[in-house]
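Q: Got a file for you: entry-v6.pdb, PDB, C-alpha atoms.
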ATOM      1  CA  MET L   1     -12.962 -85.083 -39.351
ATOM      2  CA  ARG L   2     -15.871 -83.542 -37.475
ATOM      3  CA  ILE L   3     -16.579 -79.775 -37.473
ATOM      4  CA  ALA L   4     -18.412 -78.409 -34.427
ATOM      5  CA  ASP L   5     -18.518 -75.073 -32.563
ATOM      6  CA  THR L   6     -14.861 -75.728 -31.718
ATOM      7  CA  GLU L   7     -12.698 -78.079 -33.749
ATOM      8  CA  SER L   8      -9.697 -79.766 -32.164
ATOM      9  CA  LEU L   9      -6.769 -80.965 -34.201
ATOM     10  CA  HIS L  10      -3.892 -83.125 -32.956
ATOM     11  CA  VAL L  11      -0.861 -83.376 -35.149
ATOM     12  CA  LEU L  12       2.014 -85.725 -34.411
ATOM     13  CA  ALA L  13       5.322 -85.211 -36.179
ATOM     14  CA  THR L  14       7.735 -88.111 -35.978
ATOM     15  CA  GLY L  15      11.462 -88.211 -36.394
ATOM     16  CA  GLY L  16      12.716 -89.771 -33.269
ATOM     17  CA  ARG L  17      10.660 -87.466 -31.077
ATOM     18  CA  SER L  18       7.024 -86.559 -30.743
ATOM     19  CA  PHE L  19       5.321 -83.158 -30.387
ATOM     20  CA  GLY L  20       1.709 -82.495 -29.540
ATOM     21  CA  LEU L  21       0.038 -79.444 -31.054
ATOM     22  CA  ARG L  22      -3.524 -78.565 -30.242
ATOM     23  CA  ILE L  23      -5.350 -75.881 -32.179
ATOM     24  CA  ASP L  24      -8.850 -74.761 -31.261
ATOM     25  CA  LEU L  25     -10.604 -73.272 -34.244
ATOM     26  CA  PRO L  26     -13.771 -71.399 -33.265
ATOM     27  CA  PHE L  27     -16.611 -71.358 -35.744
ATOM     28  CA  SER L  28     -19.610 -69.196 -35.692
ATOM     29  CA  ALA L  29     -22.952 -70.534 -36.597
ATOM     30  CA  ASP L  30     -23.130 -67.970 -39.369
ATOM     31  CA  VAL L  31     -19.968 -69.199 -41.137
ATOM     32  CA  ASP L  32     -20.383 -71.299 -44.279
ATOM     33  CA  PRO L  33     -19.371 -74.924 -43.510
ATOM     34  CA  GLN L  34     -17.578 -75.253 -46.833
ATOM     35  CA  SER L  35     -15.457 -72.158 -46.136
ATOM     36  CA  ALA L  36     -14.659 -73.422 -42.677
ATOM     37  CA  ILE L  37     -13.541 -76.764 -44.045
ATOM     38  CA  ALA L  38     -11.292 -75.047 -46.610
ATOM     39  CA  MET L  39      -9.672 -72.889 -43.907
ATOM     40  CA  SER L  40      -9.120 -75.929 -41.719
ATOM     41  CA  ARG L  41      -7.382 -77.768 -44.505
ATOM     42  CA  ILE L  42      -5.016 -74.858 -45.128
ATOM     43  CA  ASN L  43      -4.143 -74.684 -41.430
ATOM     44  CA  ILE L  44      -3.564 -78.425 -41.283
ATOM     45  CA  ILE L  45      -1.246 -78.309 -44.294
ATOM     46  CA  ALA L  46       0.749 -75.428 -42.780
ATOM     47  CA  LEU L  47       1.130 -77.246 -39.498
ATOM     48  CA  LEU L  48       2.197 -80.432 -41.246
ATOM     49  CA  ILE L  49       4.867 -78.533 -43.180
ATOM     50  CA  PHE L  50       6.156 -76.849 -40.005
ATOM     51  CA  GLY L  51       6.166 -80.169 -38.150
ATOM     52  CA  GLY L  52       8.023 -81.846 -40.976
ATOM     53  CA  ILE L  53      10.722 -79.161 -41.041
ATOM     54  CA  LEU L  54      11.090 -79.298 -37.296
ATOM     55  CA  GLY L  55      11.278 -83.080 -37.294
ATOM     56  CA  TYR L  56      13.803 -82.981 -40.096
ATOM     57  CA  PHE L  57      16.204 -80.800 -38.130
ATOM     58  CA  LEU L  58      15.700 -82.728 -34.931
ATOM     59  CA  SER L  59      16.523 -86.026 -36.677
ATOM     60  CA  PHE L  60      20.155 -84.975 -37.152
ATOM     61  CA  GLY L  61      21.043 -85.061 -33.473
ATOM     62  CA  PRO L  62      22.096 -82.545 -30.812
ATOM     63  CA  GLN L  63      24.822 -80.829 -32.875
ATOM     64  CA  THR L  64      22.469 -79.989 -35.687
ATOM     65  CA  THR L  65      19.913 -78.811 -33.166
ATOM     66  CA  GLN L  66      22.471 -76.468 -31.632
ATOM     67  CA  LYS L  67      23.332 -75.128 -35.080
ATOM     68  CA  PHE L  68      19.660 -74.574 -35.763
ATOM     69  CA  LYS L  69      19.292 -72.690 -32.500
ATOM     70  CA  ALA L  70      22.369 -70.631 -33.349
ATOM     71  CA  VAL L  71      20.861 -69.672 -36.701
ATOM     72  CA  VAL L  72      17.609 -68.679 -35.035
ATOM     73  CA  TYR L  73      19.429 -66.643 -32.393
ATOM     74  CA  GLN L  74      21.538 -64.971 -35.067
ATOM     75  CA  LEU L  75      18.395 -63.961 -36.921
ATOM     76  CA  LEU L  76      16.828 -62.599 -33.744
ATOM     77  CA  SER L  77      19.975 -60.981 -32.273
ATOM     78  CA  PRO L  78      19.560 -57.572 -34.013
ATOM     79  CA  PHE L  79      16.147 -57.185 -32.445
ATOM     80  CA  LEU L  80      17.415 -58.324 -29.047
ATOM     81  CA  ASN L  81      20.443 -56.008 -29.218
ATOM     82  CA  SER L  82      18.256 -53.147 -30.350
ATOM     83  CA  GLY L  83      15.991 -53.597 -27.363
ATOM     84  CA  SER L  84      18.983 -53.785 -25.030
ATOM     85  CA  GLY L  85      20.435 -50.583 -26.519
ATOM     86  CA  ILE L  86      17.168 -48.737 -26.092
ATOM     87  CA  LYS L  87      17.016 -49.881 -22.484
ATOM     88  CA  LYS L  88      20.558 -48.637 -21.896
ATOM     89  CA  GLN L  89      19.722 -45.283 -23.494
ATOM     90  CA  ILE L  90      16.627 -44.922 -21.328
ATOM     91  CA  THR L  91      18.681 -45.773 -18.239
ATOM     92  CA  SER L  92      21.332 -43.238 -19.314
ATOM     93  CA  VAL L  93      18.717 -40.516 -19.841
ATOM     94  CA  ARG L  94      17.198 -41.222 -16.425
ATOM     95  CA  SER L  95      20.634 -41.022 -14.819
ATOM     96  CA  GLY L  96      21.291 -37.782 -16.678
ATOM     97  CA  LEU L  97      18.021 -36.294 -15.470
ATOM     98  CA  LYS L  98      18.849 -37.266 -11.899
ATOM     99  CA  SER L  99      22.308 -35.716 -12.262
ATOM    100  CA  LEU L 100      20.794 -32.517 -13.703
ATOM    101  CA  GLU L 101      18.322 -32.222 -10.835
ATOM    102  CA  GLN L 102      21.129 -32.767  -8.343
ATOM    103  CA  LEU L 103      23.253 -30.096 -10.049
ATOM    104  CA  GLU L 104      20.348 -27.658  -9.944
ATOM    105  CA  ARG L 105      19.871 -28.286  -6.222
ATOM    106  CA  GLU L 106      23.589 -27.833  -5.598
ATOM    107  CA  ASN L 107      23.621 -24.664  -7.704
ATOM    108  CA  THR L 108      20.696 -23.217  -5.740
ATOM    109  CA  ALA L 109      22.410 -24.051  -2.457
ATOM    110  CA  LEU L 110      25.632 -22.421  -3.664
ATOM    111  CA  GLN L 111      23.761 -19.280  -4.721
ATOM    112  CA  VAL L 112      22.163 -19.000  -1.291
ATOM    113  CA  GLU L 113      25.531 -19.513   0.370
ATOM    114  CA  ASP L 114      27.112 -16.920  -1.932
ATOM    115  CA  ARG L 115      24.479 -14.323  -1.018
ATOM    116  CA  GLN L 116      24.982 -15.041   2.667
ATOM    117  CA  LEU L 117      28.744 -14.691   2.334
ATOM    118  CA  ARG L 118      28.366 -11.436   0.411
ATOM    119  CA  ALA L 119      26.054 -10.043   3.068
ATOM    120  CA  THR L 120      28.440 -11.114   5.818
ATOM    121  CA  ASN L 121      31.384  -9.635   3.944
ATOM    122  CA  GLN L 122      29.572  -6.330   3.463
ATOM    123  CA  ALA L 123      28.609  -6.244   7.135
ATOM    124  CA  LEU L 124      32.239  -6.816   8.106
ATOM    125  CA  ARG L 125      33.374  -4.046   5.769
ATOM    126  CA  ASP L 126      30.808  -1.662   7.213
ATOM    127  CA  ALA L 127      31.902  -2.571  10.725
ATOM    128  CA  GLU L 128      35.538  -2.052   9.773
ATOM    129  CA  GLN L 129      34.769   1.363   8.297
ATOM    130  CA  GLU L 130      32.830   2.293  11.417
ATOM    131  CA  VAL L 131      35.708   1.243  13.663
ATOM    132  CA  ASN L 132      38.223   3.164  11.547
ATOM    133  CA  ARG L 133      35.999   6.240  11.532
ATOM    134  CA  LEU L 134      35.563   6.186  15.303
ATOM    135  CA  ARG L 135      39.263   5.546  15.852
ATOM    136  CA  HIS L 136      40.135   8.464  13.584
ATOM    137  CA  ALA L 137      37.701  10.746  15.420
ATOM    138  CA  LEU L 138      39.073   9.661  18.796
ATOM    139  CA  ASN L 139      42.631  10.353  17.695
ATOM    140  CA  TYR L 140      41.650  13.822  16.488
ATOM    141  CA  ARG L 141      39.881  14.553  19.746
ATOM    142  CA  GLU L 142      42.932  13.538  21.762
ATOM    143  CA  ARG L 143      45.428  15.615  19.784
ATOM    144  CA  SER L 144      43.234  18.689  19.236
ATOM    145  CA  VAL L 145      44.050  21.942  21.016
ATOM    146  CA  PHE L 146      40.324  22.490  21.517
ATOM    147  CA  LYS L 147      37.825  21.022  23.937
ATOM    148  CA  LEU L 148      35.487  18.964  21.804
ATOM    149  CA  ILE L 149      32.076  17.295  22.148
ATOM    150  CA  ALA L 150      31.565  14.449  19.685
ATOM    151  CA  ALA L 151      28.247  14.460  17.807
ATOM    152  CA  GLU L 152      26.503  12.728  14.925
ATOM    153  CA  ILE L 153      24.304  14.087  12.154
ATOM    154  CA  VAL L 154      20.769  12.847  12.828
ATOM    155  CA  THR L 155      18.658  14.974  10.464
ATOM    156  CA  ARG L 156      19.305  16.678   7.158
ATOM    157  CA  ASP L 157      16.510  18.133   5.046
ATOM    158  CA  SER L 158      16.928  18.056   1.275
ATOM    159  CA  SER L 159      15.324  21.499   0.978
ATOM    160  CA  THR L 160      18.023  22.978   3.240
ATOM    161  CA  TRP L 161      20.822  20.589   2.320
ATOM    162  CA  TRP L 162      23.568  23.208   2.114
ATOM    163  CA  ARG L 163      22.146  25.351   4.925
ATOM    164  CA  THR L 164      21.604  23.332   8.111
ATOM    165  CA  VAL L 165      21.984  19.931   9.749
ATOM    166  CA  THR L 166      20.801  18.587  13.113
ATOM    167  CA  ILE L 167      23.146  16.890  15.581
ATOM    168  CA  ASN L 168      22.388  14.617  18.555
ATOM    169  CA  ARG L 169      23.893  16.867  21.215
ATOM    170  CA  GLY L 170      22.241  19.690  23.172
ATOM    171  CA  LYS L 171      22.223  21.648  26.395
ATOM    172  CA  ARG L 172      22.489  18.536  28.542
ATOM    173  CA  ASP L 173      25.785  17.782  26.795
ATOM    174  CA  GLY L 174      27.184  21.280  27.271
ATOM    175  CA  VAL L 175      26.311  22.670  23.835
ATOM    176  CA  GLU L 176      25.373  26.341  23.569
ATOM    177  CA  THR L 177      24.377  28.717  20.795
ATOM    178  CA  ASP L 178      27.136  30.066  18.476
ATOM    179  CA  MET L 179      29.626  27.309  19.165
ATOM    180  CA  PRO L 180      31.876  26.285  16.238
ATOM    181  CA  VAL L 181      31.299  22.855  14.697
ATOM    182  CA  VAL L 182      34.238  21.108  13.032
ATOM    183  CA  THR L 183      35.638  17.831  11.769
ATOM    184  CA  ASP L 184      39.243  16.689  11.811
ATOM    185  CA  VAL L 185      39.571  18.376   8.389
ATOM    186  CA  GLY L 186      38.180  21.829   9.080
ATOM    187  CA  LEU L 187      35.234  24.121   9.778
ATOM    188  CA  VAL L 188      31.649  22.896   9.294
ATOM    189  CA  GLY L 189      29.604  25.773  10.747
ATOM    190  CA  LYS L 190      28.173  26.908  14.070
ATOM    191  CA  THR L 191      25.290  25.991  16.376
ATOM    192  CA  THR L 192      22.162  28.135  16.196
ATOM    193  CA  THR L 193      19.080  26.573  17.804
ATOM    194  CA  VAL L 194      19.953  24.420  20.822
ATOM    195  CA  SER L 195      17.515  22.220  22.754
ATOM    196  CA  ASP L 196      18.125  19.747  25.553
ATOM    197  CA  SER L 197      19.198  16.835  23.365
ATOM    198  CA  ILE L 198      19.679  18.143  19.810
ATOM    199  CA  SER L 199      21.059  21.225  18.096
ATOM    200  CA  VAL L 200      20.743  22.841  14.671
ATOM    201  CA  VAL L 201      24.030  23.646  12.950
ATOM    202  CA  LEU L 202      24.247  26.467  10.397
ATOM    203  CA  LEU L 203      26.675  25.325   7.698
ATOM    204  CA  VAL L 204      29.499  27.498   6.454
ATOM    205  CA  SER L 205      28.029  27.098   2.956
ATOM    206  CA  ASP L 206      24.967  29.157   3.939
ATOM    207  CA  GLU L 207      25.149  32.828   2.956
ATOM    208  CA  SER L 208      24.024  33.929   6.423
ATOM    209  CA  CYS L 209      26.996  32.206   8.070
ATOM    210  CA  ARG L 210      29.796  34.774   8.101
ATOM    211  CA  VAL L 211      33.290  33.904   9.257
ATOM    212  CA  ALA L 212      36.239  36.247   9.774
ATOM    213  CA  ALA L 213      39.156  34.765   7.812
ATOM    214  CA  LYS L 214      42.829  35.204   7.002
ATOM    215  CA  VAL L 215      44.839  33.992   4.019
ATOM    216  CA  GLU L 216      47.822  31.712   4.517
ATOM    217  CA  GLY L 217      51.186  33.316   3.746
ATOM    218  CA  SER L 218      49.828  36.860   3.554
ATOM    219  CA  ARG L 219      48.378  39.664   5.655
ATOM    220  CA  GLU L 220      45.092  39.544   3.770
ATOM    221  CA  GLN L 221      41.901  39.196   5.786
ATOM    222  CA  GLY L 222      38.238  39.153   4.827
ATOM    223  CA  ILE L 223      34.824  37.676   5.474
ATOM    224  CA  VAL L 224      33.812  34.214   4.228
ATOM    225  CA  SER L 225      30.174  33.390   3.473
ATOM    226  CA  GLY L 226      28.296  30.858   1.412
ATOM    227  CA  GLU L 227      27.046  31.608  -2.076
ATOM    228  CA  ARG L 228      23.339  32.183  -2.586
ATOM    229  CA  VAL L 229      23.153  29.725  -5.490
ATOM    230  CA  THR L 230      25.311  26.623  -5.666
ATOM    231  CA  THR L 231      25.504  24.192  -8.543
ATOM    232  CA  GLY L 232      26.714  20.616  -8.567
ATOM    233  CA  LEU L 233      27.571  18.597  -5.474
ATOM    234  CA  THR L 234      30.274  20.923  -4.146
ATOM    235  CA  PRO L 235      29.118  24.287  -2.766
ATOM    236  CA  LEU L 236      31.478  27.235  -3.046
ATOM    237  CA  LEU L 237      32.336  29.982  -0.573
ATOM    238  CA  ASP L 238      33.081  33.655  -1.188
ATOM    239  CA  LEU L 239      35.956  35.489   0.495
ATOM    240  CA  ASN L 240      35.091  39.188   0.288
ATOM    241  CA  PHE L 241      36.675  42.488   1.340
ATOM    242  CA  LEU L 242      40.227  41.622   0.314
ATOM    243  CA  SER L 243      42.487  44.530  -0.560
ATOM    244  CA  LYS L 244      42.838  45.550  -4.175
ATOM    245  CA  GLN L 245      46.536  44.694  -3.943
ATOM    246  CA  ALA L 246      45.865  41.115  -2.900
ATOM    247  CA  ASP L 247      47.246  38.369  -5.146
ATOM    248  CA  LEU L 248      45.891  34.983  -4.112
ATOM    249  CA  LYS L 249      46.977  31.735  -5.765
ATOM    250  CA  PRO L 250      44.936  28.587  -6.447
ATOM    251  CA  ASP L 251      44.796  26.166  -3.492
ATOM    252  CA  GLN L 252      46.099  28.799  -1.079
ATOM    253  CA  LYS L 253      44.673  27.995   2.371
ATOM    254  CA  VAL L 254      42.207  30.214   4.232
ATOM    255  CA  TYR L 255      41.781  29.932   8.033
ATOM    256  CA  THR L 256      39.584  31.491  10.692
ATOM    257  CA  SER L 257      41.182  34.673  12.047
ATOM    258  CA  GLY L 258      39.520  34.655  15.465
ATOM    259  CA  VAL L 259      38.050  38.125  14.961
ATOM    260  CA  GLY L 260      34.497  38.399  16.303
ATOM    261  CA  GLY L 261      34.861  35.841  19.075
ATOM    262  CA  VAL L 262      32.663  33.061  17.625
ATOM    263  CA  PHE L 263      35.278  31.062  15.728
ATOM    264  CA  PRO L 264      38.706  30.572  17.295
ATOM    265  CA  SER L 265      41.751  31.307  15.188
ATOM    266  CA  GLY L 266      43.365  28.581  13.118
ATOM    267  CA  LEU L 267      40.392  26.525  11.857
ATOM    268  CA  LEU L 268      40.785  25.614   8.180
ATOM    269  CA  ILE L 269      37.920  26.980   6.081
ATOM    270  CA  GLY L 270      38.953  26.035   2.553
ATOM    271  CA  GLY L 271      41.287  26.603  -0.373
ATOM    272  CA  VAL L 272      41.329  29.257  -3.095
ATOM    273  CA  LYS L 273      39.615  28.145  -6.292
ATOM    274  CA  SER L 274      39.655  31.441  -8.183
ATOM    275  CA  PHE L 275      40.615  35.080  -7.585
ATOM    276  CA  ARG L 276      39.626  38.378  -9.179
ATOM    277  CA  VAL L 277      40.283  42.068  -8.590
ATOM    278  CA  ARG L 278      37.202  44.272  -8.522
ATOM    279  CA  GLU L 279      36.847  48.041  -8.746
ATOM    280  CA  LEU L 280      37.256  48.732  -5.040
ATOM    281  CA  ASP L 281      38.539  45.456  -3.615
ATOM    282  CA  SER L 282      39.329  41.825  -4.462
ATOM    283  CA  GLN L 283      37.337  38.625  -4.119
ATOM    284  CA  ALA L 284      38.299  34.946  -3.951
ATOM    285  CA  GLN L 285      36.164  31.901  -4.460
ATOM    286  CA  LEU L 286      36.883  29.019  -2.082
ATOM    287  CA  THR L 287      36.301  25.285  -2.050
ATOM    288  CA  PRO L 288      35.269  24.144   1.466
ATOM    289  CA  ALA L 289      37.873  22.032   3.251
ATOM    290  CA  VAL L 290      35.168  19.715   4.601
ATOM    291  CA  ASP L 291      33.096  17.556   2.269
ATOM    292  CA  LEU L 292      29.751  19.011   3.293
ATOM    293  CA  SER L 293      27.793  16.549   1.171
ATOM    294  CA  HIS L 294      28.909  13.537   3.257
ATOM    295  CA  LEU L 295      28.784  14.660   6.869
ATOM    296  CA  GLU L 296      28.516  11.951   9.529
ATOM    297  CA  ASP L 297      30.557  12.731  12.654
ATOM    298  CA  VAL L 298      31.335  16.240  13.851
ATOM    299  CA  PHE L 299      32.688  17.954  16.959
ATOM    300  CA  VAL L 300      31.342  20.953  18.822
ATOM    301  CA  VAL L 301      34.135  23.255  20.007
ATOM    302  CA  THR L 302      33.506  24.408  23.576
ATOM    303  CA  GLY L 303      36.825  26.205  24.097
ATOM    304  CA  ARG L 304      40.574  25.761  24.180
ATOM    305  CA  ARG L 305      42.402  23.389  26.466
TER     306      ARG L 305
END
Go ahead and render the structure in this file as structure tokens.

A:
Amino acid sequence: MRIADTESLHVLATGGRSFGLRIDLPFSADVDPQSAIAMSRINIIALLIFGGILGYFLSFGPQTTQKFKAVVYQLLSPFLNSGSGIKKQITSVRSGLKSLEQLERENTALQVEDRQLRATNQALRDAEQEVNRLRHALNYRERSVFKLIAAEIVTRDSSTWWRTVTINRGKRDGVETDMPVVTDVGLVGKTTTVSDSISVVLLVSDESCRVAAKVEGSREQGIVSGERVTTGLTPLLDLNFLSKQADLKPDQKVYTSGVGGVFPSGLLIGGVKSFRVRELDSQAQLTPAVDLSHLEDVFVVTGRR
């Protein structure tokens, strides 16, 4: 056998069939020839053994060959199955990731739709409340014994919250100074400063707004005015100059008496909260009939029908 830069070896294994194996063994010029020869001999022996085993099994015919293949496949099947399982797991994870992304997109779309529906629902509720409020005001205007001009609160200063408000009606609408302002519940105040298109209303809760009043179910009369200092969200009114013999009960109604000519008789001012007898007269504390903290729509009284 000749050893060159590349050695070629042909091995033929017999047993009814022939196989050709070619091995190219590279050698470097720096390798010891004796070592190279020893390595070549080992490789040749290994190949001869493998060829002999292979020829031995092939000499028994097709059935034995099939059995041999079955044994080989059985030995390799765990590795093949393992690879298949890993592939299935990877495919499952990919599918899961796609499903998760799809769910996130659907969830985002549903959230957007939910916000839109909530906004639409709130808008419908606001519209319904507005319609009900206007319908209620229209009904009051139709059944009232007074001639009324509908108005809306357009300005309210926090520094004068319980003193004045500004409405969107003025001289061009027939509003004049010292006209009563009411809601369907009761007295709000009276107009003071009137311009062409707006008017300032002095609230009944202001101490400078004085209203002649009478007590329901009695002959007691007095003057109602706002308190100088109010606490909380509900201002209180004072009913002064009651007789010392007066005996007012909680929640007893107090109305305008019509004395003085500014406020017509019969407008509800409020209800008795407390009552006390003083040295020379009696005094009652009233809760306003109108919720003065949430004014929206009011009416200016221009006279009786």

Q: Under the rule that all atoms listed in the file are counted, which of L:Ile167, L:Leu124, L:Leu47, L:Val259 is the nearest residue to Ser199 in chain L?

A: L:Ile167

Q: Let me make sure I understand: among L:Gln283, L:Ser265, L:Asn121, L:Thr191, which one has the smallest atom-to-atom distance to Arg304 in chain L if we use all atoms listed in the file?

A: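 Once distances to Arg304 in chain L are computed over all atoms listed in the file, the minimum belongs to L:Ser265.
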
Q: Ranking L:Asp196, L:Glu106, L:Asp184, L:Asp238 by minimum distance to Ala213 in chain L and counting all atoms listed in the file, which one comes first?

A: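 Among the listed residues, the smallest separation from Ala213 in chain L belongs to L:Asp238.
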
Q: For CA of Leu236 in chain L and CA of Met179 in chain L, determine how far apart the two atoms are, in Å to one decimal place.

A: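 Rounded to one decimal, the two atoms are 22.3 Å apart.
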
Q: Work out how far CA of His136 in chain L is from CA of Arg118 in chain L, in Å to one decimal.

A: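 Separation of CA of Arg118 in chain L and CA of His136 in chain L: 26.6 Å.
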
Q: List the residues selected by the PyMOL selection byres ((chain L and resi 215-231) around 6) in the file shown, writing them as a list in words.

A: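 After applying the PyMOL selection byres ((chain L and resi 215-231) around 6), what remains is Ser205, Asp206, Glu207, Cys209, Arg210, Val211, Ala212, Ala213, Lys214, Gly232, Pro235, Leu237, Asp238, Leu239, Asn240, Phe241, Leu242, Lys253 and Val254 of chain L.
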
Q: Quick one: write out the picked residues with C-alpha atoms as a short mmCIF file (atom, residue, chain, number, x, y, z; two decimals), in the coordinates of the input?

A:
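File produced: result-v4.cif:
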data_model
loop_
_atom_site.label_atom_id
_atom_site.label_comp_id
_atom_site.auth_asym_id
_atom_site.auth_seq_id
_atom_site.Cartn_x
_atom_site.Cartn_y
_atom_site.Cartn_z
CA SER L 205 28.03 27.10 2.96
CA ASP L 206 24.97 29.16 3.94
CA GLU L 207 25.15 32.83 2.96
CA CYS L 209 27.00 32.21 8.07
CA ARG L 210 29.80 34.77 8.10
CA VAL L 211 33.29 33.90 9.26
CA ALA L 212 36.24 36.25 9.77
CA ALA L 213 39.16 34.76 7.81
CA LYS L 214 42.83 35.20 7.00
CA GLY L 232 26.71 20.62 -8.57
CA PRO L 235 29.12 24.29 -2.77
CA LEU L 237 32.34 29.98 -0.57
CA ASP L 238 33.08 33.66 -1.19
CA LEU L 239 35.96 35.49 0.50
CA ASN L 240 35.09 39.19 0.29
CA PHE L 241 36.67 42.49 1.34
CA LEU L 242 40.23 41.62 0.31
CA LYS L 253 44.67 28.00 2.37
CA VAL L 254 42.21 30.21 4.23
#

Q: Between CA of Val185 in chain L and CA of Ala123 in chain L, measure the distance and give it in Å to one decimal.

A: 27.0 Å

Q: Using only C-alpha atoms, can you tell me which of L:Tyr255, L:Phe263, L:Trp162, L:Phe146 comes closest to Lys190 in chain L?

A: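 When distances to Lys190 in chain L are compared using only C-alpha atoms, the smallest one comes from L:Phe263.
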
Q: Once the PyMOL selection byres ((chain L and resi 148) around 10) has been applied to the shown file, what residues remain in the selection, as a PDB file with C-alpha atoms, keeping the file's coordinate frame?

A:
ATOM      1  CA  TYR L 140      41.650  13.822  16.488  1.00  0.00           C
ATOM      2  CA  ARG L 141      39.881  14.553  19.746  1.00  0.00           C
ATOM      3  CA  GLU L 142      42.932  13.538  21.762  1.00  0.00           C
ATOM      4  CA  SER L 144      43.234  18.689  19.236  1.00  0.00           C
ATOM      5  CA  VAL L 145      44.050  21.942  21.016  1.00  0.00           C
ATOM      6  CA  PHE L 146      40.324  22.490  21.517  1.00  0.00           C
ATOM      7  CA  LYS L 147      37.825  21.022  23.937  1.00  0.00           C
ATOM      8  CA  ILE L 149      32.076  17.295  22.148  1.00  0.00           C
ATOM      9  CA  ALA L 150      31.565  14.449  19.685  1.00  0.00           C
ATOM     10  CA  ALA L 151      28.247  14.460  17.807  1.00  0.00           C
ATOM     11  CA  PRO L 180      31.876  26.285  16.238  1.00  0.00           C
ATOM     12  CA  VAL L 181      31.299  22.855  14.697  1.00  0.00           C
ATOM     13  CA  VAL L 182      34.238  21.108  13.032  1.00  0.00           C
ATOM     14  CA  VAL L 298      31.335  16.240  13.851  1.00  0.00           C
ATOM     15  CA  PHE L 299      32.688  17.954  16.959  1.00  0.00           C
ATOM     16  CA  VAL L 300      31.342  20.953  18.822  1.00  0.00           C
ATOM     17  CA  VAL L 301      34.135  23.255  20.007  1.00  0.00           C
ATOM     18  CA  THR L 302      33.506  24.408  23.576  1.00  0.00           C
ATOM     19  CA  GLY L 303      36.825  26.205  24.097  1.00  0.00           C
ATOM     20  CA  ARG L 304      40.574  25.761  24.180  1.00  0.00           C
ATOM     21  CA  ARG L 305      42.402  23.389  26.466  1.00  0.00           C
TER      22      ARG L 305
END

Q: Enumerate, as a list in words, the residues matched when the PyMOL selection byres ((chain L and resi 160) around 12) is run on the file above.

A: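 The output of the PyMOL selection byres ((chain L and resi 160) around 12) on this file is Thr155, Arg156, Asp157, Ser158, Ser159, Trp161, Trp162, Arg163, Thr164, Val165, Thr166, Val200, Val201, Leu202, Leu203, Ser205, Asp206 and Ser293 of chain L.
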